[in-house]
file data.csv (CSV, C-alpha atoms)
chain,number,residue,atom,x,y,z
A,194,MET,CA,16.3,14.3,-29.5
A,195,LYS,CA,16.7,17.2,-27.1
A,196,MET,CA,12.9,17.6,-26.8
A,197,THR,CA,12.5,13.9,-25.9
A,198,GLU,CA,15.2,14.2,-23.2
A,199,GLU,CA,13.5,17.3,-21.8
A,200,ASN,CA,10.1,15.6,-21.7
A,201,SER,CA,11.6,12.5,-20.1
A,202,ALA,CA,13.3,14.7,-17.4
A,203,GLY,CA,10.0,16.5,-16.8
A,204,LYS,CA,8.1,13.2,-16.3
A,205,SER,CA,10.6,12.0,-13.7
A,206,GLU,CA,9.8,15.0,-11.4
A,207,ILE,CA,7.3,13.3,-9.2
A,208,THR,CA,5.4,15.6,-6.7
A,209,MET,CA,3.4,14.8,-3.6
A,210,ASP,CA,0.3,15.9,-5.6
A,211,ASP,CA,1.1,13.2,-8.2
A,212,VAL,CA,1.2,10.6,-5.4
A,213,LYS,CA,-2.1,11.9,-3.9
A,214,ASN,CA,-3.7,11.6,-7.4
A,215,LEU,CA,-2.5,8.0,-7.6
A,216,VAL,CA,-3.8,7.2,-4.2
A,217,LYS,CA,-7.2,8.7,-5.2
A,218,GLN,CA,-7.2,6.5,-8.3
A,219,LYS,CA,-6.4,3.4,-6.1
A,220,ASP,CA,-9.3,4.3,-3.8
A,221,ASP,CA,-11.7,4.7,-6.8
A,222,ILE,CA,-10.6,1.3,-8.1
A,223,GLU,CA,-11.2,-0.3,-4.7
A,224,GLU,CA,-14.7,1.3,-4.6
A,225,GLN,CA,-15.5,-0.1,-8.0
A,226,ILE,CA,-14.3,-3.5,-7.1
A,227,LYS,CA,-16.5,-3.4,-4.0
A,228,ALA,CA,-19.5,-2.4,-6.0
A,229,TYR,CA,-19.1,-5.3,-8.4
A,230,TYR,CA,-18.7,-7.7,-5.5
A,231,ASP,CA,-21.9,-6.3,-4.1
A,232,VAL,CA,-23.6,-7.1,-7.4
A,233,LEU,CA,-22.4,-10.8,-7.2
A,234,GLU,CA,-23.5,-11.0,-3.6
A,235,ASP,CA,-27.0,-9.7,-4.5
A,236,GLN,CA,-27.3,-12.4,-7.1
A,237,GLY,CA,-26.1,-15.0,-4.6
A,238,VAL,CA,-23.4,-16.5,-6.9
A,239,GLY,CA,-20.1,-15.0,-5.8
A,240,VAL,CA,-17.0,-15.1,-8.1
A,241,GLU,CA,-17.1,-18.9,-8.7
A,242,GLY,CA,-20.8,-19.9,-8.6
A,243,ALA,CA,-22.2,-21.8,-11.5
A,244,LEU,CA,-24.2,-19.9,-14.2
A,245,VAL,CA,-25.7,-23.0,-15.8
A,246,ASP,CA,-28.2,-25.5,-14.4
A,247,SER,CA,-27.8,-29.3,-14.2
A,248,GLU,CA,-28.8,-29.7,-17.8
A,249,GLY,CA,-26.2,-27.1,-19.0
A,250,PHE,CA,-28.7,-24.3,-19.7
A,251,PRO,CA,-28.2,-20.7,-18.5
A,252,ARG,CA,-29.8,-20.3,-15.0
A,253,ALA,CA,-33.1,-18.6,-15.1
A,254,ASP,CA,-33.0,-17.5,-11.5
A,255,VAL,CA,-30.1,-15.1,-11.9
A,256,ASN,CA,-29.0,-12.3,-14.3
A,257,VAL,CA,-26.2,-14.2,-16.2
A,258,TYR,CA,-25.2,-11.2,-18.3
A,259,GLN,CA,-24.9,-8.9,-15.2
A,260,ILE,CA,-22.9,-11.6,-13.3
A,261,ARG,CA,-20.5,-12.2,-16.2
A,262,THR,CA,-20.0,-8.4,-16.7
A,263,ALA,CA,-19.3,-8.0,-12.9
A,264,ARG,CA,-16.8,-10.9,-12.8
A,265,HIS,CA,-14.9,-9.7,-15.9
A,266,SER,CA,-14.8,-6.1,-14.5
A,267,ILE,CA,-13.5,-7.3,-11.1
A,268,SER,CA,-10.7,-9.2,-12.9
A,269,CYS,CA,-9.7,-6.2,-15.0
A,270,LEU,CA,-9.9,-3.8,-12.0
A,271,GLN,CA,-7.8,-6.1,-9.8
A,272,ASN,CA,-5.0,-5.9,-12.5
A,273,ASP,CA,-5.4,-2.1,-12.6
A,274,HIS,CA,-5.1,-2.1,-8.7
A,275,LYS,CA,-1.9,-4.1,-8.8
A,276,ALA,CA,-0.4,-1.8,-11.5
A,277,ILE,CA,-1.3,1.4,-9.6
A,278,MET,CA,0.1,0.0,-6.3
A,279,VAL,CA,3.4,-0.5,-8.2
A,280,GLU,CA,3.1,3.1,-9.5
A,281,ILE,CA,2.5,4.5,-6.0
A,282,GLU,CA,5.5,2.5,-4.6
A,283,GLU,CA,7.8,3.8,-7.4
A,284,ALA,CA,6.5,7.4,-7.1
A,285,LEU,CA,7.1,7.4,-3.3
A,286,HIS,CA,10.5,5.9,-3.7
A,287,LYS,CA,11.5,8.7,-6.2
A,288,LEU,CA,10.0,11.4,-4.0
A,289,HIS,CA,11.9,10.1,-1.0
A,290,ALA,CA,15.1,9.8,-2.9
A,291,ARG,CA,14.8,13.4,-4.2
A,292,GLU,CA,14.0,14.8,-0.8
A,293,LYS,CA,16.9,12.9,0.8
A,294,ALA,CA,19.3,14.3,-1.8
A,295,LYS,CA,17.9,17.8,-1.2
A,296,ARG,CA,18.3,17.4,2.6
A,297,GLU,CA,21.9,16.2,2.2
A,298,LYS,CA,22.7,19.1,-0.1
A,299,ASP,CA,21.1,21.7,2.2
A,300,GLU,CA,22.4,20.2,5.5
A,301,PRO,CA,25.4,22.2,6.8
A,302,GLY,CA,28.6,20.1,6.9
A,303,ALA,CA,29.4,21.2,10.4
A,304,GLN,CA,26.5,19.4,12.0
A,305,GLY,CA,27.2,16.2,13.8
A,306,GLU,CA,25.9,12.9,12.4
A,307,GLY,CA,23.6,12.3,15.4
A,308,MET,CA,22.1,15.8,15.2
A,309,GLU,CA,21.5,15.4,11.4
A,310,GLN,CA,19.6,12.2,12.1
A,311,GLN,CA,17.5,13.9,14.6
A,312,VAL,CA,16.7,16.7,12.2
A,313,THR,CA,15.8,14.4,9.3
A,314,LEU,CA,13.7,11.8,11.1
A,315,PRO,CA,10.0,12.2,10.1
A,316,PRO,CA,7.4,12.0,12.8
A,317,PRO,CA,6.0,8.4,13.3
A,318,PHE,CA,2.4,7.7,12.3
A,319,ALA,CA,1.9,4.4,14.1
A,320,ARG,CA,3.3,2.3,17.0
A,321,VAL,CA,3.7,-1.4,17.5
A,322,ASP,CA,2.0,-2.4,20.7
A,323,ALA,CA,2.1,-6.3,20.4
A,324,VAL,CA,4.3,-8.8,18.6
A,325,THR,CA,3.6,-12.6,18.8
A,326,GLN,CA,6.5,-15.0,19.1
A,327,GLY,CA,7.1,-17.1,16.0
A,328,SER,CA,5.2,-14.6,13.8
A,329,PRO,CA,6.5,-13.0,10.5
A,330,ALA,CA,6.7,-9.7,12.5
A,331,CYS,CA,8.8,-11.3,15.2
A,332,GLY,CA,11.1,-12.9,12.7
A,333,ALA,CA,11.6,-9.6,10.9
A,334,GLY,CA,12.8,-8.0,14.2
A,335,LEU,CA,9.8,-5.8,14.9
A,336,ARG,CA,9.5,-5.0,18.6
A,337,VAL,CA,6.8,-3.6,20.9
A,338,GLY,CA,7.3,0.2,21.2
A,339,ASP,CA,8.7,0.6,17.7
A,340,GLU,CA,7.3,3.8,16.1
A,341,VAL,CA,6.6,3.3,12.4
A,342,ILE,CA,7.7,6.0,9.9
A,343,GLU,CA,7.5,3.8,6.8
A,344,PHE,CA,5.5,0.6,6.0
A,345,GLY,CA,5.9,-0.4,2.4
A,346,SER,CA,4.4,2.4,0.3
A,347,VAL,CA,2.8,4.0,3.4
A,348,ASN,CA,4.7,6.8,5.1
A,349,THR,CA,4.2,9.8,7.4
A,350,LYS,CA,3.0,12.0,4.5
A,351,ASN,CA,0.4,9.7,2.9
A,352,PHE,CA,-0.9,7.8,6.0
A,353,GLN,CA,-4.6,8.3,6.7
A,354,ASN,CA,-5.7,5.3,8.7
A,355,LEU,CA,-4.8,1.7,9.5
A,356,GLN,CA,-6.7,0.6,6.4
A,357,ASN,CA,-3.7,2.0,4.4
A,358,ILE,CA,-1.4,-0.6,6.1
A,359,ALA,CA,-4.0,-3.4,5.8
A,360,SER,CA,-4.2,-2.8,2.1
A,361,VAL,CA,-0.5,-2.9,1.6
A,362,VAL,CA,-0.2,-6.1,3.6
A,363,GLN,CA,-3.1,-7.7,1.7
A,364,HIS,CA,-1.5,-7.0,-1.7
A,365,SER,CA,2.0,-8.1,-0.5
A,366,ASP,CA,1.3,-11.7,0.7
A,367,GLY,CA,4.6,-13.5,0.3
A,368,LYS,CA,6.5,-10.4,-0.9
A,369,PRO,CA,9.0,-8.5,1.4
A,370,LEU,CA,8.0,-5.0,2.6
A,371,ARG,CA,10.5,-2.4,3.8
A,372,VAL,CA,9.6,-1.3,7.2
A,373,THR,CA,11.3,1.7,8.9
A,374,VAL,CA,10.8,2.5,12.6
A,375,ILE,CA,12.2,4.7,15.3
A,376,ARG,CA,13.6,2.7,18.2
A,377,ASP,CA,15.4,4.4,21.1
A,378,GLY,CA,15.6,7.6,19.1
A,379,GLN,CA,17.4,5.8,16.2
A,380,LYS,CA,16.1,4.8,12.8
A,381,ALA,CA,16.0,1.1,12.2
A,382,GLN,CA,15.1,-0.7,8.9
A,383,MET,CA,13.9,-4.2,8.4
A,384,SER,CA,12.3,-6.5,5.7
A,385,LEU,CA,8.9,-7.9,6.7
A,386,THR,CA,7.2,-10.5,4.5
A,387,PRO,CA,3.4,-10.9,5.2
A,388,GLN,CA,2.5,-14.6,5.0
A,389,ARG,CA,0.4,-17.3,6.5
A,390,TRP,CA,1.7,-18.7,9.7
A,391,SER,CA,0.3,-20.7,12.7
A,392,GLY,CA,-1.4,-17.6,14.2
A,393,ARG,CA,-3.9,-15.0,13.0
A,394,GLY,CA,-3.4,-12.6,10.1
A,395,LEU,CA,-0.3,-12.2,7.9
A,396,LEU,CA,1.9,-10.3,10.3
A,397,GLY,CA,1.4,-11.5,13.9
A,398,CYS,CA,1.6,-8.0,15.4
A,399,ASN,CA,-0.7,-5.2,16.4
A,400,ILE,CA,-0.2,-1.7,15.2
A,401,VAL,CA,-2.0,1.4,16.5
A,402,PRO,CA,-2.1,4.9,15.0
A,403,ILE,CA,-0.3,7.8,16.7
A,404,HIS,CA,-2.7,10.8,16.9
A,405,ARG,CA,-0.9,14.1,16.6

call {"tool": "encode", "arguments": {"input": "data.csv", "output": "structure tokens"}}
result
Amino acid sequence: MKMTEENSAGKSEITMDDVKNLVKQKDDIEEQIKAYYDVLEDQGVGVEGALVDSEGFPRADVNVYQIRTARHSISCLQNDHKAIMVEIEEALHKLHAREKAKREKDEPGAQGEGMEQQVTLPPPFARVDAVTQGSPACGAGLRVGDEVIEFGSVNTKNFQNLQNIASVVQHSDGKPLRVTVIRDGQKAQMSLTPQRWSGRGLLGCNIVPIHR
């Protein structure tokens, strides 16, 4: 029993390297999905195109076996992608919670609250430079000039480019995302749900990277 508890405790100690490995796995899965989509595109059938002719026989003008294999692989890989996105989200949450607890423990009690917030705010990785009225971003309270330090599972430590945010948005259609920004030197949190609306995209805002 003691051994099981120790192993369990060891497993819960998530490191940044673990997160990087998960992100690499996610990228590999996305590459595989793209490769299979390319196969379907080469065959000219896509995901839904018919594989039998008007008489119900397998089409002779395409490689039916290759297409079926590609479609099945895409379906399986998309499930793997959803699962690993959840793992990344949970791992980042654990990492953030542990770092926060460590900061609070190490932080001298004599420091003022305002000073403590200044010390612990991570540098922003992106900035909001446009928000459309009536959009999901506007409804969530996002404003022009907000500097982003957390967007769903993307944060200052794992942000590489805007494709990171686009991927999170794409896989969170209709699901609320936690967004944390720096506004007027203070940290502000909001819940943003990517969804279809009368305008373009799922957010209705424009985000640009901050180059440091």

call {"tool": "atom_distance", "arguments": {"input": "data.csv", "atom1": "atom CA of Glu292 of chain A", "atom2": "atom CA of Phe344 of chain A"}}
result
17.9 Å

call {"tool": "closest_residue", "arguments": {"input": "data.csv", "among": "A:Asn348, A:Arg264, A:Pro402, A:Arg252", "to": "Gly239 of chain A", "atoms": "all atoms listed in the file"}}
result
A:Arg264

call {"tool": "residues_around", "arguments": {"input": "data.csv", "residues": "segment 315-319 of chain A", "least_positions_apart": "5", "cutoff": "6 Å", "atoms": "all atoms listed in the file", "output": "list of chain:residue names"}}
result
A:Glu340, A:Val341, A:Ile342, A:Thr349, A:Val401, A:Pro402, A:Ile403

call {"tool": "residues_around", "arguments": {"input": "data.csv", "residues": "Asp377 of chain A", "least_positions_apart": "5", "cutoff": "12 Å", "atoms": "all atoms listed in the file", "output": "VMD selection string"}}
result
chain A and resid 311 336 to 340

call {"tool": "residues_near_point", "arguments": {"input": "data.csv", "point": "(-1.3, 0.8, 20.1)", "cutoff": "6 Å", "atoms": "only C-alpha atoms", "output": "CSV table (one decimal) with C-alpha atoms, in the frame of the given file"}}
result
chain,number,residue,atom,x,y,z
A,320,ARG,CA,3.3,2.3,17.0
A,322,ASP,CA,2.0,-2.4,20.7
A,400,ILE,CA,-0.2,-1.7,15.2
A,401,VAL,CA,-2.0,1.4,16.5

call {"tool": "closest_residue", "arguments": {"input": "data.csv", "among": "A:Cys331, A:Val240, A:Ile358, A:Leu270", "to": "Glu224 of chain A", "atoms": "all atoms listed in the file"}}
result
A:Leu270

call {"tool": "closest_residue", "arguments": {"input": "data.csv", "among": "A:Thr262, A:Gln356, A:Glu234, A:Met209", "to": "Leu288 of chain A", "atoms": "all atoms listed in the file"}}
result
A:Met209

call {"tool": "residues_around", "arguments": {"input": "data.csv", "residues": "Asp210 of chain A", "least_positions_apart": "3", "cutoff": "12 Å", "atoms": "only C-alpha atoms", "output": "VMD selection string"}}
result
chain A and resid 206 to 207 213 to 217 281 284 to 285 288 350 to 351

call {"tool": "atom_distance", "arguments": {"input": "data.csv", "atom1": "atom CA of Thr313 of chain A", "atom2": "atom CA of His404 of chain A"}}
result
20.3 Å

call {"tool": "residues_around", "arguments": {"input": "data.csv", "residues": "Asp235 of chain A", "least_positions_apart": "6", "cutoff": "10 Å", "atoms": "all atoms listed in the file", "output": "compact mmCIF listing (two decimals) with C-alpha atoms, in the frame of the given file"}}
result
# COMPACT_ATOMS: atom_id res chain seq x y z
CA TYR A 229 -19.10 -5.30 -8.40
CA VAL A 255 -30.10 -15.10 -11.90
CA ILE A 260 -22.90 -11.60 -13.30

call {"tool": "atom_distance", "arguments": {"input": "data.csv", "atom1": "atom CA of Ala243 of chain A", "atom2": "atom CA of Glu223 of chain A"}}
result
25.1 Å

call {"tool": "residues_near_point", "arguments": {"input": "data.csv", "point": "(14.0, -5.7, 2.4)", "cutoff": "8 Å", "atoms": "all atoms listed in the file", "output": "ChimeraX atom specification"}}
result
/A:369-372,383-385

call {"tool": "closest_residue", "arguments": {"input": "data.csv", "among": "A:Leu396, A:Asp211, A:Ile267, A:Phe250", "to": "Leu233 of chain A", "atoms": "all atoms listed in the file"}}
result
A:Ile267

call {"tool": "closest_residue", "arguments": {"input": "data.csv", "among": "A:Gly327, A:Val212, A:Ile375, A:His364", "to": "Phe352 of chain A", "atoms": "all atoms listed in the file"}}
result
A:Val212

call {"tool": "closest_residue", "arguments": {"input": "data.csv", "among": "A:Ser360, A:Gln225, A:Thr208, A:Ser266", "to": "Arg291 of chain A", "atoms": "only C-alpha atoms"}}
result
A:Thr208
